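Chemist: Input target-v2.txt, format and content: compact mmCIF, C-alpha atoms.
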# COMPACT_ATOMS: atom_id res chain seq x y z
CA MET A 1 -24.53 53.52 -47.49
CA TYR A 2 -27.93 52.25 -46.39
CA ASP A 3 -28.37 51.97 -42.63
CA GLY A 4 -24.86 53.33 -42.19
CA GLY A 5 -25.40 54.34 -38.58
CA LYS A 6 -26.57 50.89 -37.53
CA ILE A 7 -23.71 49.20 -39.34
CA ILE A 8 -21.08 51.42 -37.76
CA ILE A 9 -22.54 50.98 -34.28
CA GLY A 10 -22.63 47.23 -34.88
CA LEU A 11 -19.04 47.26 -36.01
CA ILE A 12 -17.93 49.22 -32.96
CA ILE A 13 -19.72 46.77 -30.66
CA PHE A 14 -18.18 43.82 -32.49
CA ILE A 15 -14.65 45.24 -32.30
CA GLY A 16 -15.19 46.10 -28.66
CA ILE A 17 -16.21 42.55 -27.80
CA SER A 18 -13.37 41.02 -29.75
CA ILE A 19 -10.62 43.15 -28.22
CA PHE A 20 -11.89 43.47 -24.66
CA PRO A 21 -9.81 40.54 -23.35
CA PHE A 22 -6.69 42.29 -24.62
CA ILE A 23 -7.69 45.65 -23.12
CA LEU A 24 -8.49 44.01 -19.79
CA THR A 25 -5.07 42.36 -19.47
CA MET A 26 -3.09 45.20 -21.03
CA GLY A 27 -0.05 46.13 -19.04
CA LYS A 28 -0.51 43.25 -16.62
CA ALA A 29 2.17 40.62 -16.66
CA VAL A 30 0.87 37.07 -16.37
CA ALA A 31 2.96 35.01 -13.99
CA LYS A 32 5.45 32.99 -15.98
CA PRO A 33 5.34 29.23 -15.40
CA GLU A 34 8.19 28.11 -13.23
CA PRO A 35 8.46 24.35 -13.15
CA LYS A 36 10.60 23.56 -10.12
CA LEU A 37 13.38 21.05 -10.29
CA ASP A 38 14.50 21.20 -6.66
CA THR A 39 12.97 17.95 -5.42
CA PRO A 40 15.11 15.91 -3.03
CA GLU A 41 15.51 13.15 -5.62
CA ILE A 42 16.87 15.53 -8.26
CA GLN A 43 19.21 17.22 -5.80
CA LYS A 44 20.72 13.86 -5.00
CA MET A 45 21.68 13.32 -8.64
CA VAL A 46 25.29 13.92 -9.60
CA GLU A 47 24.48 14.74 -13.19
CA LYS A 48 21.13 16.48 -13.22
CA LYS A 49 19.68 15.08 -16.42
CA CYS A 50 16.30 13.73 -17.48
CA VAL A 51 15.98 10.68 -19.73
CA GLU A 52 16.61 12.88 -22.77
CA SER A 53 17.86 16.43 -23.31
CA LYS A 54 15.98 19.30 -21.71
CA MET A 55 14.92 20.73 -25.06
CA TYR A 56 13.60 17.39 -26.23
CA MET A 57 11.68 16.79 -23.02
CA LYS A 58 10.19 20.28 -23.19
CA THR A 59 8.76 19.87 -26.65
CA GLU A 60 8.25 16.14 -27.03
CA HIS A 61 7.43 14.72 -23.58
CA MET A 62 3.80 14.17 -24.49
CA VAL A 63 4.72 12.20 -27.59
CA MET A 64 7.24 10.25 -25.60
CA LEU A 65 4.70 9.39 -22.89
CA ASN A 66 2.25 8.20 -25.52
CA ASP A 67 4.92 6.01 -27.11
CA TRP A 68 5.94 4.65 -23.71
CA ARG A 69 2.34 3.79 -22.94
CA ASP A 70 1.91 1.83 -26.16
CA ALA A 71 5.22 0.03 -25.74
CA VAL A 72 4.46 -1.03 -22.15
CA VAL A 73 0.76 -1.81 -22.33
CA ARG A 74 0.44 -3.23 -25.80
CA ASP A 75 3.86 -4.68 -26.57
CA GLY A 76 5.02 -5.60 -23.07
CA LEU A 77 8.34 -3.77 -23.52
CA ARG A 78 9.14 -1.97 -20.30
CA LEU A 79 12.67 -0.63 -20.65
CA TYR A 80 13.66 2.53 -22.48
CA LYS A 81 17.15 2.71 -23.88
CA ALA A 82 17.87 6.43 -24.03
CA THR A 83 20.00 8.20 -26.62
CA ASP A 84 22.93 8.10 -24.22
CA GLY A 85 22.52 4.35 -23.74
CA LYS A 86 21.10 4.43 -20.20
CA LEU A 87 18.15 2.16 -19.36
CA TYR A 88 14.97 3.46 -17.76
CA ASP A 89 11.80 1.74 -16.60
CA MET A 90 9.03 3.25 -18.72
CA SER A 91 6.61 4.24 -15.98
CA LEU A 92 4.94 7.56 -15.32
CA GLN A 93 4.30 6.81 -11.66
CA ASN A 94 7.51 4.96 -10.88
CA THR A 95 10.07 6.74 -13.07
CA CYS A 96 8.94 10.24 -14.06
CA MET A 97 7.26 11.12 -10.79
CA LYS A 98 10.05 9.65 -8.70
CA CYS A 99 12.24 12.63 -9.62
CA HIS A 100 9.51 15.13 -10.41
CA SER A 101 7.82 14.35 -7.14
CA SER A 102 5.60 17.41 -7.05
CA LYS A 103 2.92 17.52 -9.70
CA LYS A 104 1.83 20.95 -8.46
CA ASN A 105 5.26 22.53 -8.84
CA PHE A 106 6.24 20.75 -12.03
CA CYS A 107 3.53 19.44 -14.36
CA ASP A 108 0.81 21.90 -13.41
CA GLN A 109 3.04 24.95 -13.82
CA CYS A 110 3.14 24.87 -17.61
CA HIS A 111 -0.07 22.93 -18.14
CA ASN A 112 -2.07 25.56 -16.29
CA TYR A 113 -0.23 28.37 -18.08
CA VAL A 114 -1.13 27.06 -21.51
CA ALA A 115 -4.51 25.76 -20.28
CA VAL A 116 -4.08 22.13 -21.23
CA LYS A 117 -5.63 19.44 -19.07
CA PRO A 118 -3.92 16.11 -19.70
CA TYR A 119 -6.07 13.27 -18.39
CA CYS A 120 -3.14 11.24 -17.03
CA TRP A 121 -4.23 11.81 -13.47
CA ASP A 122 -7.77 10.53 -13.93
CA CYS A 123 -6.25 7.11 -13.37
CA HIS A 124 -2.57 7.52 -12.57
CA ILE A 125 -1.70 8.41 -9.02
CA ALA A 126 0.34 11.52 -8.43
CA PRO A 127 2.81 11.53 -5.54
CA GLN A 128 1.56 13.13 -2.35
CA GLU A 129 2.39 16.82 -2.24
CA GLY A 130 4.68 18.11 0.45
CA THR A 131 6.43 14.88 1.31
CA MET B 132 2.96 42.10 -69.80
CA SER B 133 3.73 38.87 -71.49
CA ILE B 134 6.25 36.31 -70.32
CA ARG B 135 8.46 34.33 -72.61
CA ARG B 136 8.22 30.58 -72.52
CA ARG B 137 11.96 30.39 -71.73
CA ASP B 138 11.64 32.76 -68.74
CA PHE B 139 8.62 30.90 -67.41
CA LEU B 140 10.49 27.60 -67.43
CA LYS B 141 13.47 29.17 -65.66
CA ILE B 142 11.32 30.60 -62.87
CA ALA B 143 9.42 27.34 -62.50
CA GLY B 144 12.64 25.34 -62.27
CA VAL B 145 14.22 27.63 -59.68
CA SER B 146 11.09 27.62 -57.50
CA ALA B 147 10.87 23.85 -57.64
CA ILE B 148 14.47 23.53 -56.43
CA ALA B 149 13.87 26.12 -53.73
CA GLY B 150 10.78 24.22 -52.62
CA ILE B 151 12.52 20.89 -52.31
CA GLY B 152 15.48 22.49 -50.58
CA GLY B 153 13.18 24.31 -48.20
CA VAL B 154 11.46 21.11 -47.12
CA SER B 155 14.73 19.37 -46.40
CA ALA B 156 16.02 22.42 -44.56
CA LEU B 157 12.88 22.35 -42.40
CA SER B 158 13.37 18.71 -41.59
CA LEU B 159 16.91 19.53 -40.45
CA LEU B 160 15.45 22.02 -38.01
CA LYS B 161 13.22 19.39 -36.41
CA ILE B 162 14.42 18.31 -33.01
CA LYS B 163 16.02 14.95 -33.03
CA GLY B 164 16.01 13.27 -29.69
CA SER B 165 14.85 9.72 -29.60
CA GLU B 166 16.43 8.53 -32.80
CA ALA B 167 19.03 6.49 -31.03
CA SER B 168 16.58 5.36 -28.37
CA SER B 169 14.65 2.12 -28.39
CA TYR B 170 12.29 -0.01 -26.34
CA ILE B 171 13.53 -3.29 -24.99
CA GLU B 172 12.06 -6.09 -22.93
CA ASP B 173 13.12 -6.35 -19.33
CA PRO B 174 15.49 -9.34 -19.14
CA LYS B 175 13.83 -10.30 -15.83
CA THR B 176 10.51 -11.01 -17.63
CA LEU B 177 9.23 -14.54 -17.10
CA LYS B 178 9.16 -16.38 -20.41
CA GLY B 179 6.06 -18.33 -21.36
CA LYS B 180 3.78 -18.89 -24.32
CA ARG B 181 0.53 -19.36 -22.45
CA TRP B 182 0.28 -18.61 -18.76
CA ALA B 183 -2.18 -20.55 -16.64
CA ILE B 184 -3.08 -21.13 -13.01
CA ALA B 185 -4.26 -24.33 -11.35
CA ILE B 186 -6.19 -23.81 -8.13
CA ASP B 187 -6.04 -26.66 -5.61
CA ILE B 188 -9.46 -26.35 -4.03
CA GLN B 189 -8.63 -28.69 -1.18
CA LYS B 190 -6.02 -26.27 0.12
CA PHE B 191 -8.68 -23.59 0.52
CA GLN B 192 -10.37 -24.48 3.78
CA THR B 193 -11.00 -21.46 5.98
CA PRO B 194 -12.49 -18.11 4.92
CA GLU B 195 -9.09 -16.67 5.79
CA ASP B 196 -7.48 -18.69 2.99
CA TYR B 197 -9.72 -17.02 0.44
CA ALA B 198 -9.51 -13.54 1.97
CA ARG B 199 -5.71 -13.57 2.01
CA VAL B 200 -5.53 -14.25 -1.72
CA ILE B 201 -8.26 -11.76 -2.61
CA ASN B 202 -6.73 -9.02 -0.48
CA ALA B 203 -3.29 -9.59 -1.95
CA CYS B 204 -4.69 -8.89 -5.41
CA HIS B 205 -7.10 -6.10 -4.59
CA SER B 206 -4.66 -4.16 -2.43
CA ILE B 207 -1.81 -3.96 -4.95
CA HIS B 208 -4.11 -3.17 -7.88
CA ASN B 209 -6.02 -0.35 -6.20
CA VAL B 210 -9.33 -2.17 -6.50
CA PRO B 211 -11.98 -0.11 -4.69
CA ASP B 212 -14.43 -1.45 -2.13
CA ILE B 213 -17.61 0.46 -2.90
CA GLY B 214 -19.84 -1.59 -0.64
CA ASN B 215 -22.82 -1.69 -2.98
CA PRO B 216 -23.02 -5.11 -4.68
CA LYS B 217 -24.49 -3.49 -7.82
CA GLU B 218 -21.35 -1.39 -8.25
CA GLU B 219 -18.90 -3.97 -6.99
CA ILE B 220 -15.45 -4.00 -8.59
CA LYS B 221 -13.73 -7.37 -8.40
CA TRP B 222 -10.70 -8.99 -9.95
CA ILE B 223 -10.75 -12.22 -7.97
CA TRP B 224 -13.61 -13.34 -5.76
CA THR B 225 -15.54 -16.37 -4.55
CA GLU B 226 -18.54 -17.94 -6.19
CA SER B 227 -20.75 -20.90 -5.28
CA TYR B 228 -20.32 -24.26 -7.00
CA GLU B 229 -23.54 -23.97 -8.99
CA HIS B 230 -22.55 -20.52 -10.28
CA SER B 231 -18.96 -21.47 -11.01
CA PHE B 232 -19.72 -24.73 -12.77
CA PRO B 233 -23.39 -24.58 -13.86
CA SER B 234 -23.11 -27.31 -16.47
CA GLN B 235 -21.41 -29.72 -14.05
CA ASP B 236 -24.04 -28.95 -11.47
CA TYR B 237 -26.84 -29.53 -13.95
CA GLY B 238 -25.17 -32.62 -15.38
CA ASN B 239 -24.76 -34.28 -12.02
CA PRO B 240 -27.04 -33.00 -9.26
CA TYR B 241 -25.90 -35.79 -6.89
CA ILE B 242 -22.24 -34.81 -6.71
CA GLN B 243 -20.43 -34.81 -3.35
CA ASP B 244 -21.87 -32.43 -0.81
CA HIS B 245 -18.58 -30.82 0.13
CA LEU B 246 -18.14 -29.63 -3.47
CA LYS B 247 -21.65 -28.24 -3.63
CA LYS B 248 -21.19 -26.23 -0.48
CA LYS B 249 -17.69 -25.01 -1.18
CA PRO B 250 -16.92 -21.47 -2.33
CA PHE B 251 -14.69 -21.39 -5.42
CA LEU B 252 -12.08 -18.79 -6.15
CA VAL B 253 -12.86 -17.30 -9.57
CA LEU B 254 -11.07 -14.75 -11.72
CA CYS B 255 -10.61 -13.86 -15.38
CA ASN B 256 -9.92 -17.12 -17.21
CA HIS B 257 -7.56 -15.55 -19.75
CA CYS B 258 -9.25 -17.67 -22.40
CA ASP B 259 -7.36 -18.88 -25.42
CA ASN B 260 -10.42 -17.86 -27.45
CA PRO B 261 -11.64 -14.82 -25.52
CA PRO B 262 -15.12 -13.53 -26.43
CA CYS B 263 -14.40 -10.17 -24.75
CA VAL B 264 -11.60 -9.50 -27.22
CA ARG B 265 -13.82 -10.32 -30.17
CA VAL B 266 -16.51 -7.87 -29.14
CA CYS B 267 -14.33 -4.95 -28.06
CA PRO B 268 -14.82 -2.17 -30.63
CA THR B 269 -11.64 -0.28 -29.72
CA LYS B 270 -9.24 -3.17 -29.05
CA ALA B 271 -8.96 -1.88 -25.51
CA THR B 272 -9.00 -5.49 -24.45
CA PHE B 273 -6.67 -7.70 -26.41
CA LYS B 274 -4.82 -10.98 -26.16
CA ARG B 275 -1.07 -10.61 -25.90
CA LYS B 276 0.53 -12.65 -28.67
CA SER B 277 3.64 -13.29 -26.64
CA ASP B 278 2.08 -15.05 -23.62
CA GLY B 279 -1.69 -15.28 -24.08
CA ILE B 280 -2.62 -12.82 -21.33
CA VAL B 281 -5.96 -11.13 -22.00
CA MET B 282 -5.00 -7.54 -21.27
CA MET B 283 -6.87 -4.31 -20.70
CA ASP B 284 -5.62 -1.02 -22.13
CA MET B 285 -7.52 1.43 -19.94
CA HIS B 286 -6.42 4.31 -22.16
CA ARG B 287 -8.57 2.97 -24.96
CA CYS B 288 -11.63 1.72 -23.08
CA ILE B 289 -14.74 3.74 -23.94
CA GLY B 290 -16.94 1.98 -21.40
CA CYS B 291 -19.39 0.42 -23.88
CA ARG B 292 -19.51 -2.77 -21.75
CA PHE B 293 -19.77 -5.12 -24.74
CA CYS B 294 -17.01 -7.16 -23.09
CA MET B 295 -19.11 -7.55 -19.95
CA ALA B 296 -21.92 -8.94 -22.06
CA GLY B 297 -19.45 -11.13 -23.93
CA CYS B 298 -17.68 -12.64 -20.94
CA PRO B 299 -19.44 -15.83 -19.83
CA TYR B 300 -17.66 -15.79 -16.47
CA GLY B 301 -18.70 -12.36 -15.17
CA ALA B 302 -15.03 -11.52 -14.77
CA ARG B 303 -15.42 -7.86 -15.67
CA SER B 304 -16.53 -4.94 -13.57
CA PHE B 305 -17.64 -1.48 -14.67
CA ASN B 306 -16.69 1.69 -12.85
CA TRP B 307 -20.02 3.40 -12.34
CA ARG B 308 -18.33 6.17 -10.36
CA ASP B 309 -14.87 7.50 -9.66
CA PRO B 310 -13.27 4.68 -7.67
CA ARG B 311 -10.54 6.80 -6.06
CA PRO B 312 -12.39 7.64 -2.80
CA TYR B 313 -13.20 3.96 -2.23
CA ILE B 314 -9.66 2.63 -2.40
CA LYS B 315 -8.71 1.79 1.17
CA LYS B 316 -4.97 2.20 0.83
CA ILE B 317 -3.61 3.50 -2.44
CA ASN B 318 -0.65 1.65 -3.90
CA PRO B 319 1.37 4.48 -5.49
CA GLU B 320 3.19 2.07 -7.79
CA PHE B 321 0.10 1.00 -9.74
CA PRO B 322 -2.50 3.17 -11.47
CA ALA B 323 -6.14 3.31 -10.42
CA ARG B 324 -9.03 3.54 -12.86
CA MET B 325 -11.51 6.27 -13.68
CA LYS B 326 -15.26 6.47 -13.98
CA GLY B 327 -16.57 4.80 -17.12
CA VAL B 328 -14.03 2.06 -17.80
CA VAL B 329 -14.26 -1.71 -17.43
CA GLU B 330 -11.60 -3.54 -15.47
CA LYS B 331 -10.59 -7.08 -14.65
CA CYS B 332 -7.67 -9.27 -13.64
CA THR B 333 -4.63 -8.71 -15.87
CA PHE B 334 -2.71 -11.79 -14.71
CA CYS B 335 -0.31 -9.41 -12.93
CA TYR B 336 1.44 -8.51 -16.19
CA GLN B 337 3.44 -5.91 -14.26
CA ARG B 338 4.78 -8.59 -11.88
CA ILE B 339 5.50 -11.13 -14.63
CA ALA B 340 7.52 -8.41 -16.37
CA VAL B 341 9.90 -8.22 -13.42
CA GLY B 342 10.13 -11.95 -12.83
CA LEU B 343 7.50 -12.33 -10.10
CA GLN B 344 4.54 -14.68 -10.02
CA PRO B 345 1.01 -13.23 -9.87
CA ALA B 346 0.13 -11.79 -6.47
CA CYS B 347 -2.67 -14.30 -5.81
CA VAL B 348 -0.34 -17.23 -6.48
CA GLU B 349 2.28 -15.79 -4.17
CA ALA B 350 -0.26 -15.19 -1.38
CA SER B 351 -1.86 -18.64 -1.75
CA LYS B 352 1.14 -20.40 -0.15
CA GLY B 353 1.21 -23.19 -2.73
CA ALA B 354 -2.53 -23.62 -3.18
CA MET B 355 -2.31 -22.04 -6.63
CA ILE B 356 0.17 -23.20 -9.24
CA PHE B 357 1.30 -20.80 -11.94
CA GLY B 358 3.05 -21.86 -15.11
CA ASP B 359 3.30 -22.12 -18.85
CA LEU B 360 0.78 -24.45 -20.50
CA ALA B 361 2.83 -24.55 -23.69
CA ASP B 362 5.85 -26.01 -21.91
CA PRO B 363 5.32 -29.78 -21.37
CA ASN B 364 7.93 -29.81 -18.59
CA SER B 365 6.42 -26.98 -16.55
CA GLU B 366 5.11 -27.59 -13.06
CA ILE B 367 1.56 -26.78 -14.06
CA ARG B 368 1.64 -29.36 -16.84
CA ARG B 369 2.90 -31.98 -14.39
CA VAL B 370 0.07 -31.16 -12.00
CA LEU B 371 -2.53 -31.20 -14.79
CA SER B 372 -1.35 -34.56 -16.06
CA SER B 373 -1.31 -36.18 -12.64
CA ARG B 374 -4.47 -34.86 -10.98
CA TYR B 375 -8.12 -34.51 -11.98
CA THR B 376 -8.93 -30.92 -12.96
CA ILE B 377 -11.96 -29.12 -14.33
CA ARG B 378 -12.46 -25.77 -16.01
CA ARG B 379 -15.38 -23.37 -15.96
CA LYS B 380 -17.92 -23.77 -18.79
CA PRO B 381 -15.58 -25.62 -21.16
CA GLU B 382 -18.52 -26.37 -23.47
CA LEU B 383 -18.50 -22.74 -24.63
CA GLY B 384 -15.22 -23.25 -26.44
CA THR B 385 -13.41 -20.34 -24.81
CA ASN B 386 -10.57 -22.62 -23.66
CA PRO B 387 -9.95 -21.10 -20.20
CA SER B 388 -6.49 -20.97 -18.62
CA ILE B 389 -7.70 -21.38 -15.03
CA PHE B 390 -7.92 -24.97 -13.80
CA TYR B 391 -9.52 -26.31 -10.63
CA ILE B 392 -7.85 -29.33 -9.07
CA ILE B 393 -10.66 -31.54 -7.78
CA GLY B 394 -9.16 -34.97 -7.29
CA GLY B 395 -5.96 -36.25 -5.74
Using structure tokens, write down the structure from this file.
Modeler:
Amino acid sequence: MYDGGKIIIGLIIFIGISIFPFILTMGKAVAKPEPKLDTPEIQKMVEKKCVESKMYMKTEHMVMLNDWRDAVVRDGLRLYKATDGKLYDMSLQNTCMKCHSSKKNFCDQCHNYVAVKPYCWDCHIAPQEGT
Amino acid sequence: MSIRRRDFLKIAGVSAIAGIGGVSALSLLKIKGSEASSYIEDPKTLKGKRWAIAIDIQKFQTPEDYARVINACHSIHNVPDIGNPKEEIKWIWTESYEHSFPSQDYGNPYIQDHLKKKPFLVLCNHCDNPPCVRVCPTKATFKRKSDGIVMMDMHRCIGCRFCMAGCPYGARSFNWRDPRPYIKKINPEFPARMKGVVEKCTFCYQRIAVGLQPACVEASKGAMIFGDLADPNSEIRRVLSSRYTIRRKPELGTNPSIFYIIGG
């Protein structure tokens, strides 16, 4: 092998750089996201249920919010008839955040964990924390 | 190793069936949630084909009359007060006679003095033929088919400002900076805007959807009349047919929906 020494040193450096994030965090547990559901509004509910099932909301809420946005802004349809037949006003600020009244303890928990930055809050107004 | 034609066809057939079955099995695994759900219109929504407002200029006498209407709009829509006229954001504001009606002013320089000196309340005209909609490259601004409101979809606006160049009424404002710190009192029920989008009056689509009249009309105490132009029996049509009204720059062919009641 020509220049074998240089190649091997280069390979070691490359592998070192690519695995150093794993070595650094080895053995350390990253805090699990814990979205809190103990807001006063949710505690008041008899049946603690979001507009759709928990599983659906977990995986599809972003799609749902996009669809809601298009329905309200572009088509002027403001009511959502859920799978169970209940009607909801399609509004992030007035419906979602009424129950999930703490963005810090709900939205941000998972979004920070998976490092996504939805731009909802560039315009939309989050409820005041701690009230 | 050679393969017999018969064996090859068998394997191909079985894999094809497995493939099709696999796809349908995968689709069964997909979460079904909103299949039975649907979007419906709020039954409280006011019904109209083309909304319009007639402004009775004689009922606007004191500066307080104008301020009350402007504040009603700007406070519920989180319109910021930046203080610098170059960055001003406005949905409804006052303009001089010669700026509001330049062709009338040019056509008749000897018109009554009280008209010339009067401030006029101006807002987006929600034109029937809106130039802003034609120039928008992303359809962020669009005319609602159902009621003729010229709407803004802030989610789509890329801030190119073609609409500002297109609008002959100066009804659009650009957010040169984040407006949030300049909103005096935030209305938590309505969104604000971000840096880099254009905004304007939306005819209070969110109030019409729950059966309320636009905020300016409500605050005007009868000096502004809201109604459906397409309905010949509506109040606004009665007013328009009985009193002398003018519109801003009608010669441009935009067909505005805001009328100014001049005569008795």
Chemist: Excluding His100 of chain A and its own-chain neighbours fewer than 4 positions away, which residues fall within 10 Å of it when counting only C-alpha atoms? Please give them as a list in words.
Modeler: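 My list of contacting residues is Pro35, Lys36, Leu37, Asp38, Thr39, Pro40, Glu41, Ile42, Cys50, Gln93, Thr95, Cys96, Lys104, Asn105, Phe106, Cys107 and Pro127 of chain A.
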Chemist: Set the cut-off to 9 Å and count all atoms listed in the file: what are the residues of chain B that reach chain A? Output as a ChimeraX atom specification.
Modeler: /B:162-173,273,275-277,282-286,309,311,317-326,336-337,340
Chemist: Suppose you want the space between atom CA of Ala302 of chain B and atom CA of Tyr375 of chain B; what is it in Å?
Modeler: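 A separation of 24.2 Å between them.
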Chemist: Using all atoms listed in the file, find all polymer residues with an atom at most 10 Å away from the point (-20.8, -14.9, -21.7); report them as JSON, numbers by chain.
Modeler: {"B": [261, 262, 263, 294, 295, 296, 297, 298, 299, 300, 301, 302, 380, 383, 385]}
Chemist: Using only C-alpha atoms, which protein or nucleic acid residues come within 12 Å of Asn386 of chain B? Drop anything in the same chain fewer than 2 positions from it, and give the result as a ChimeraX atom specification.
Modeler: /B:181,183,256-262,279,299,360,377-384,388-390
Chemist: Please produce a file of those selected residues containing C-alpha atoms, as a PDB file, in the frame of the given file.
Modeler:
ATOM      1  CA  ARG B 181       0.530 -19.360 -22.450  1.00  0.00           C
ATOM      2  CA  ALA B 183      -2.180 -20.550 -16.640  1.00  0.00           C
ATOM      3  CA  ASN B 256      -9.920 -17.120 -17.210  1.00  0.00           C
ATOM      4  CA  HIS B 257      -7.560 -15.550 -19.750  1.00  0.00           C
ATOM      5  CA  CYS B 258      -9.250 -17.670 -22.400  1.00  0.00           C
ATOM      6  CA  ASP B 259      -7.360 -18.880 -25.420  1.00  0.00           C
ATOM      7  CA  ASN B 260     -10.420 -17.860 -27.450  1.00  0.00           C
ATOM      8  CA  PRO B 261     -11.640 -14.820 -25.520  1.00  0.00           C
ATOM      9  CA  PRO B 262     -15.120 -13.530 -26.430  1.00  0.00           C
ATOM     10  CA  GLY B 279      -1.690 -15.280 -24.080  1.00  0.00           C
ATOM     11  CA  PRO B 299     -19.440 -15.830 -19.830  1.00  0.00           C
ATOM     12  CA  LEU B 360       0.780 -24.450 -20.500  1.00  0.00           C
ATOM     13  CA  ILE B 377     -11.960 -29.120 -14.330  1.00  0.00           C
ATOM     14  CA  ARG B 378     -12.460 -25.770 -16.010  1.00  0.00           C
ATOM     15  CA  ARG B 379     -15.380 -23.370 -15.960  1.00  0.00           C
ATOM     16  CA  LYS B 380     -17.920 -23.770 -18.790  1.00  0.00           C
ATOM     17  CA  PRO B 381     -15.580 -25.620 -21.160  1.00  0.00           C
ATOM     18  CA  GLU B 382     -18.520 -26.370 -23.470  1.00  0.00           C
ATOM     19  CA  LEU B 383     -18.500 -22.740 -24.630  1.00  0.00           C
ATOM     20  CA  GLY B 384     -15.220 -23.250 -26.440  1.00  0.00           C
ATOM     21  CA  SER B 388      -6.490 -20.970 -18.620  1.00  0.00           C
ATOM     22  CA  ILE B 389      -7.700 -21.380 -15.030  1.00  0.00           C
ATOM     23  CA  PHE B 390      -7.920 -24.970 -13.800  1.00  0.00           C
TER      24      PHE B 390
END
Chemist: Rounded to one decimal, what separation in Å do you get between atom CA of Glu218 of chain B and atom CA of Ser304 of chain B?
Modeler: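 Value for the atom CA of Glu218 of chain B-atom CA of Ser304 of chain B distance: 8.0 Å.
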Chemist: Because the input lacks atoms here, generate N, CA and C atoms for segment 41-53 of chain A and report them as a short mmCIF file (atom, residue, chain, number, x, y, z; two decimals), keeping the file's coordinate frame.
Modeler:
data_model
loop_
_atom_site.label_atom_id
_atom_site.label_comp_id
_atom_site.auth_asym_id
_atom_site.auth_seq_id
_atom_site.Cartn_x
_atom_site.Cartn_y
_atom_site.Cartn_z
N GLU A 41 14.96 14.20 -4.75
CA GLU A 41 15.51 13.15 -5.62
C GLU A 41 16.43 13.76 -6.68
N ILE A 42 16.04 14.90 -7.23
CA ILE A 42 16.87 15.53 -8.26
C ILE A 42 18.14 16.10 -7.64
N GLN A 43 18.02 16.65 -6.42
CA GLN A 43 19.21 17.22 -5.80
C GLN A 43 20.25 16.17 -5.48
N LYS A 44 19.77 14.94 -5.30
CA LYS A 44 20.72 13.86 -5.00
C LYS A 44 21.54 13.46 -6.22
N MET A 45 21.02 13.78 -7.41
CA MET A 45 21.68 13.32 -8.64
C MET A 45 23.00 14.06 -8.85
N VAL A 46 23.99 13.31 -9.30
CA VAL A 46 25.29 13.92 -9.60
C VAL A 46 25.16 14.73 -10.89
N GLU A 47 24.72 14.03 -11.93
CA GLU A 47 24.48 14.74 -13.19
C GLU A 47 22.98 14.95 -13.31
N LYS A 48 22.57 16.20 -13.22
CA LYS A 48 21.13 16.48 -13.22
C LYS A 48 20.61 16.45 -14.65
N LYS A 49 20.09 15.24 -15.04
CA LYS A 49 19.68 15.08 -16.42
C LYS A 49 18.46 14.17 -16.47
N CYS A 50 17.48 14.56 -17.29
CA CYS A 50 16.30 13.73 -17.48
C CYS A 50 16.65 12.60 -18.45
N VAL A 51 15.66 11.81 -18.86
CA VAL A 51 15.98 10.68 -19.73
C VAL A 51 16.54 11.14 -21.08
N GLU A 52 16.07 12.29 -21.54
CA GLU A 52 16.61 12.88 -22.77
C GLU A 52 16.96 14.33 -22.49
N SER A 53 17.43 15.04 -23.52
CA SER A 53 17.86 16.43 -23.31
C SER A 53 16.67 17.30 -22.89
#
